[in-house]
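Student: Pasting in a structure now, in structure tokens, and then I'll have a few things to ask.
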Amino acid sequence: QFSKAEIDAAVQLLLKLKVDYKQMTGQDYKAGCPPSENLIVSNNGPAADDCDGEDLVDPWNVSASSTKGVDYDKLIVRFGSSKIDKELLERIEKVSGQRAHHFLRRGIFFSHRDMHQILDAYEKHKSFYLYTGRGPSSEAMHVGHLIPFIFTKWLQDVFDIPLVVQMTDDEKYLWKDLTLEECHRFTVENAKDIIACGFDVNKTFIFSDLDYMGASPQFYRNVVKVQKHVTFNQVKGIFGFTDSDCIGKISFPAIQAAPSFSSSFPQIFGGKKDVPCLIPCAIDQDPYFRMTRDVAPRIGLLKPALLHSTFFPALQGAQTKMSASDPNSSIFLTDTPKQIKNKINKHAFSGGKDTVEEHRKYGGNTEVDVSFLYLTFFLEDDEKLEKIKEDYTSGALLTGELKKILIETLQPMIAQHQERRKQVTDEMVQQFMTPRPLNYKF
């Protein structure tokens with residue numbers, strides 16, 4: 001008799017092996033059909049588009065087999081989450097009394113676990129709290145990093161609830177070639193960008209794992225409980241760890257699990273164990289919380305609920321997500337208006353045709369055009385966006401003109417962010433990062 005987590009872990013391992021097999025052989029795995037003898041193994045990118053490739057999605061890698069990006073419907077089935085449907089959208093609007101955020105309306109947040117339970121409790125005047133996080137691997141954050149924070153701020157505002165933000169500086173030390181001091185410094189720098197999103201200091205606690213873990217006995221106790229109830233075999237299956245990974249990596253998932261439990265924050269919740277938690281995050285983080293949700297009932301705690309977002313595509317196309325380690329794939333929050341303009345004009349993958357004549361005749365493809373995809377994230381006006389889609393698809397709008405609209409949307413947005421970040425002092429960071437009671441109503 002295997003537990004659900006062990007079965008999930010085994011399925012994840014099988015899927016990973018299939019992806020590895022395909023990368024090695026260029027063929028889809030079929031039982032009983034060994035790869036042909038005379039196979040030439042090439043390492044030049046993903047296999048041809050016509051085969052039904054598996055997308056690779058885990059907390060460290062995202063790559064899609066199609067230029068349209070990750071097949072999110074397949075991912076929902078593979079991860080066993082639920083689609084955010086029209087009914088749930090309407091319910092969020094009804095319970096919050098606000099129009100749904102455009103990330104919800106446009107399917108940028110597209111999948112969930114147990115969101116209905118969160119709303120059930122809220123309707124009965126039982127509050128919940130938000131938990132999200134950031135792995136501080138560099139000083140500069142890119143626009144893709146803002147997505148969960150923009151949405152979390154909206155949730156905090158409409159539901160009037162507390163938020164905890166975990167800065168996993170310990171994780172970045174374990175995974176990257178960085179010193180502890182660098183990771184901790186990146187935490188403070190990244191916290192400034194997060195604070196600049198406009199979070200309410202009276203309802204928000206940002207914490208560094210390197211600081212908080214040693215200062216909070218309750219937090220560490222929850223970490224240890226999770227560690228006791230997850231086997232090495234399970235994390236190997238869920239995260240693909242191998243025997244040569246350092247032992248810090250193997251135990252790290254328990255640290256990302258702990259903020260899902262209100263008892264990890266006695267200063268906020270006064271030792272209450274039963275405050276429900278909602279985690280807005282990109283779907284590549286889901287493996288951590290599948291593990292958390294499996295463990296929770298076994299240690300007498302509530303399962304966290306989740307809202308999953310799609311990935312923010314790299315400038316080069318939706319096959320990979322934007323990455324801070326590749327400056328040409330990213331628009332950074334530190335970029336100047338000129339840099340933004342040059343990067344979009346030079347690197348943003350176009351869904352347009354090769355010549356103006358062809359484009360006028362056949363139109364562009366908004367499904368793969370990165371400039372259009374970015375506008376779905378950052379242009380709030382639904383009618384404007386729909387008009388741009390019509391004009392680009394019909395050929396009336398050229399790629400250069402579409403890029404210009406994106407540039408004029410991003411330049412002021414990033415300039416305003418930089419302006420707000422300048423106002424964030426070290427004292428403010430200290431205030432947000434001090435363990436303390438928060439204002440909230442229960």
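Ligands are numbered from 1 in the order shown, chains are lettered A, B, ... in the order of the structure tokens, and residues start at 1 in each chain.
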May I have the residues within 12 Å of Cys277 in chain A as a ChimeraX atom specification, using only C-alpha atoms and disregarding those fewer than 6 positions away in the same chain?
Tutor: /A:113-115,117-119,121-122,126-132,161-164,257-265,269,289,292-293,296,301-307
Student: Give me, as a list in words, all polymer residues having an atom no more than 10 Å from Met141 in chain A, counting only C-alpha atoms and skipping those fewer than 2 positions away in the same chain.
Tutor: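 These residues fall inside the cut-off: Arg134, Pro136, Ser137, Ser138, Glu139, Val143, Gly144, His145, Leu146, Phe186, Glu189, Asn190, Asp193, Ile194, Ser323, Ala324, Ser330, Ile331, Phe332, Leu333 and Thr334 of chain A.
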Student: With distances taken over only C-alpha atoms, which of A:Asp381, A:Asp169, A:Asp55, A:Asp326 is nearest to Ala191 in chain A?
Tutor: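 For Ala191 in chain A, the nearest of the candidates is A:Asp169.
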Student: Write out as a JSON list (two decimals) with all heavy atoms, in the first residue's frame the set of residues from range 184-274 of chain A that DSSP, computed on the backbone, places in strand (DSSP E or B).
Tutor:
[["chain", "number", "residue", "atom", "x", "y", "z"],
["A", 204, "THR", "N", 2.46, 42.97, 6.52],
["A", 204, "THR", "CA", 3.43, 42.20, 5.73],
["A", 204, "THR", "C", 4.70, 41.91, 6.52],
["A", 204, "THR", "O", 5.31, 42.83, 7.07],
["A", 204, "THR", "CB", 3.80, 42.98, 4.44],
["A", 204, "THR", "OG1", 2.60, 43.36, 3.77],
["A", 204, "THR", "CG2", 4.66, 42.14, 3.51],
["A", 205, "PHE", "N", 5.09, 40.65, 6.55],
["A", 205, "PHE", "CA", 6.35, 40.23, 7.18],
["A", 205, "PHE", "C", 7.22, 39.58, 6.11],
["A", 205, "PHE", "O", 6.84, 38.57, 5.51],
["A", 205, "PHE", "CB", 6.05, 39.24, 8.31],
["A", 205, "PHE", "CG", 7.29, 38.64, 8.94],
["A", 205, "PHE", "CD1", 8.39, 39.43, 9.29],
["A", 205, "PHE", "CD2", 7.37, 37.27, 9.22],
["A", 205, "PHE", "CE1", 9.52, 38.88, 9.88],
["A", 205, "PHE", "CE2", 8.49, 36.70, 9.81],
["A", 205, "PHE", "CZ", 9.57, 37.52, 10.14],
["A", 206, "ILE", "N", 8.37, 40.20, 5.84],
["A", 206, "ILE", "CA", 9.34, 39.63, 4.89],
["A", 206, "ILE", "C", 10.47, 39.03, 5.73],
["A", 206, "ILE", "O", 10.98, 39.71, 6.63],
["A", 206, "ILE", "CB", 9.91, 40.72, 3.95],
["A", 206, "ILE", "CG1", 8.77, 41.41, 3.18],
["A", 206, "ILE", "CG2", 10.94, 40.14, 3.00],
["A", 206, "ILE", "CD1", 9.22, 42.60, 2.33],
["A", 207, "PHE", "N", 10.83, 37.78, 5.47],
["A", 207, "PHE", "CA", 11.90, 37.22, 6.31],
["A", 207, "PHE", "C", 12.95, 36.47, 5.49],
["A", 207, "PHE", "O", 12.67, 35.87, 4.45],
["A", 207, "PHE", "CB", 11.32, 36.29, 7.39],
["A", 207, "PHE", "CG", 10.61, 35.07, 6.86],
["A", 207, "PHE", "CD1", 11.27, 33.85, 6.79],
["A", 207, "PHE", "CD2", 9.29, 35.13, 6.46],
["A", 207, "PHE", "CE1", 10.62, 32.72, 6.31],
["A", 207, "PHE", "CE2", 8.63, 34.01, 5.98],
["A", 207, "PHE", "CZ", 9.30, 32.80, 5.91],
["A", 208, "SER", "N", 14.19, 36.56, 5.97],
["A", 208, "SER", "CA", 15.31, 35.81, 5.42],
["A", 208, "SER", "C", 15.38, 34.48, 6.17],
["A", 208, "SER", "O", 15.36, 34.46, 7.40],
["A", 208, "SER", "CB", 16.60, 36.61, 5.65],
["A", 208, "SER", "OG", 17.66, 35.75, 6.00]]
Student: Do you know which residues are at most 10 Å from range 1-17 of chain A counting only C-alpha atoms, after dropping those on the same chain fewer than 2 positions away, and could you put them as number ranges by chain?
Tutor: A: 19-23, 29, 54-58, 78-80, 230-231, 233-240, 287, 290-295
Student: Residues at most 6 Å from range 351-361 of chain A, counting only C-alpha atoms, excluding those fewer than 6 positions away in the same chain, as a PDB file with N, CA, C and O atoms, in the first residue's frame?
Tutor:
ATOM      1  N   VAL A 368       2.513  33.398 -30.341  1.00  0.00           N
ATOM      2  CA  VAL A 368       3.957  33.224 -30.124  1.00  0.00           C
ATOM      3  C   VAL A 368       4.704  34.557 -30.030  1.00  0.00           C
ATOM      4  O   VAL A 368       5.880  34.593 -29.694  1.00  0.00           O
ATOM      5  N   ASP A 369       4.009  35.657 -30.343  1.00  0.00           N
ATOM      6  CA  ASP A 369       4.675  36.966 -30.353  1.00  0.00           C
ATOM      7  C   ASP A 369       4.917  37.460 -28.926  1.00  0.00           C
ATOM      8  O   ASP A 369       3.986  37.703 -28.173  1.00  0.00           O
ATOM      9  N   GLY A 395      -3.120  41.970 -39.753  1.00  0.00           N
ATOM     10  CA  GLY A 395      -2.016  42.527 -40.534  1.00  0.00           C
ATOM     11  C   GLY A 395      -2.018  44.043 -40.565  1.00  0.00           C
ATOM     12  O   GLY A 395      -1.129  44.670 -41.139  1.00  0.00           O
ATOM     13  N   THR A 399       4.818  44.502 -36.767  1.00  0.00           N
ATOM     14  CA  THR A 399       5.599  44.101 -35.587  1.00  0.00           C
ATOM     15  C   THR A 399       6.282  45.300 -34.923  1.00  0.00           C
ATOM     16  O   THR A 399       6.272  45.430 -33.702  1.00  0.00           O
TER      17      THR A 399
END
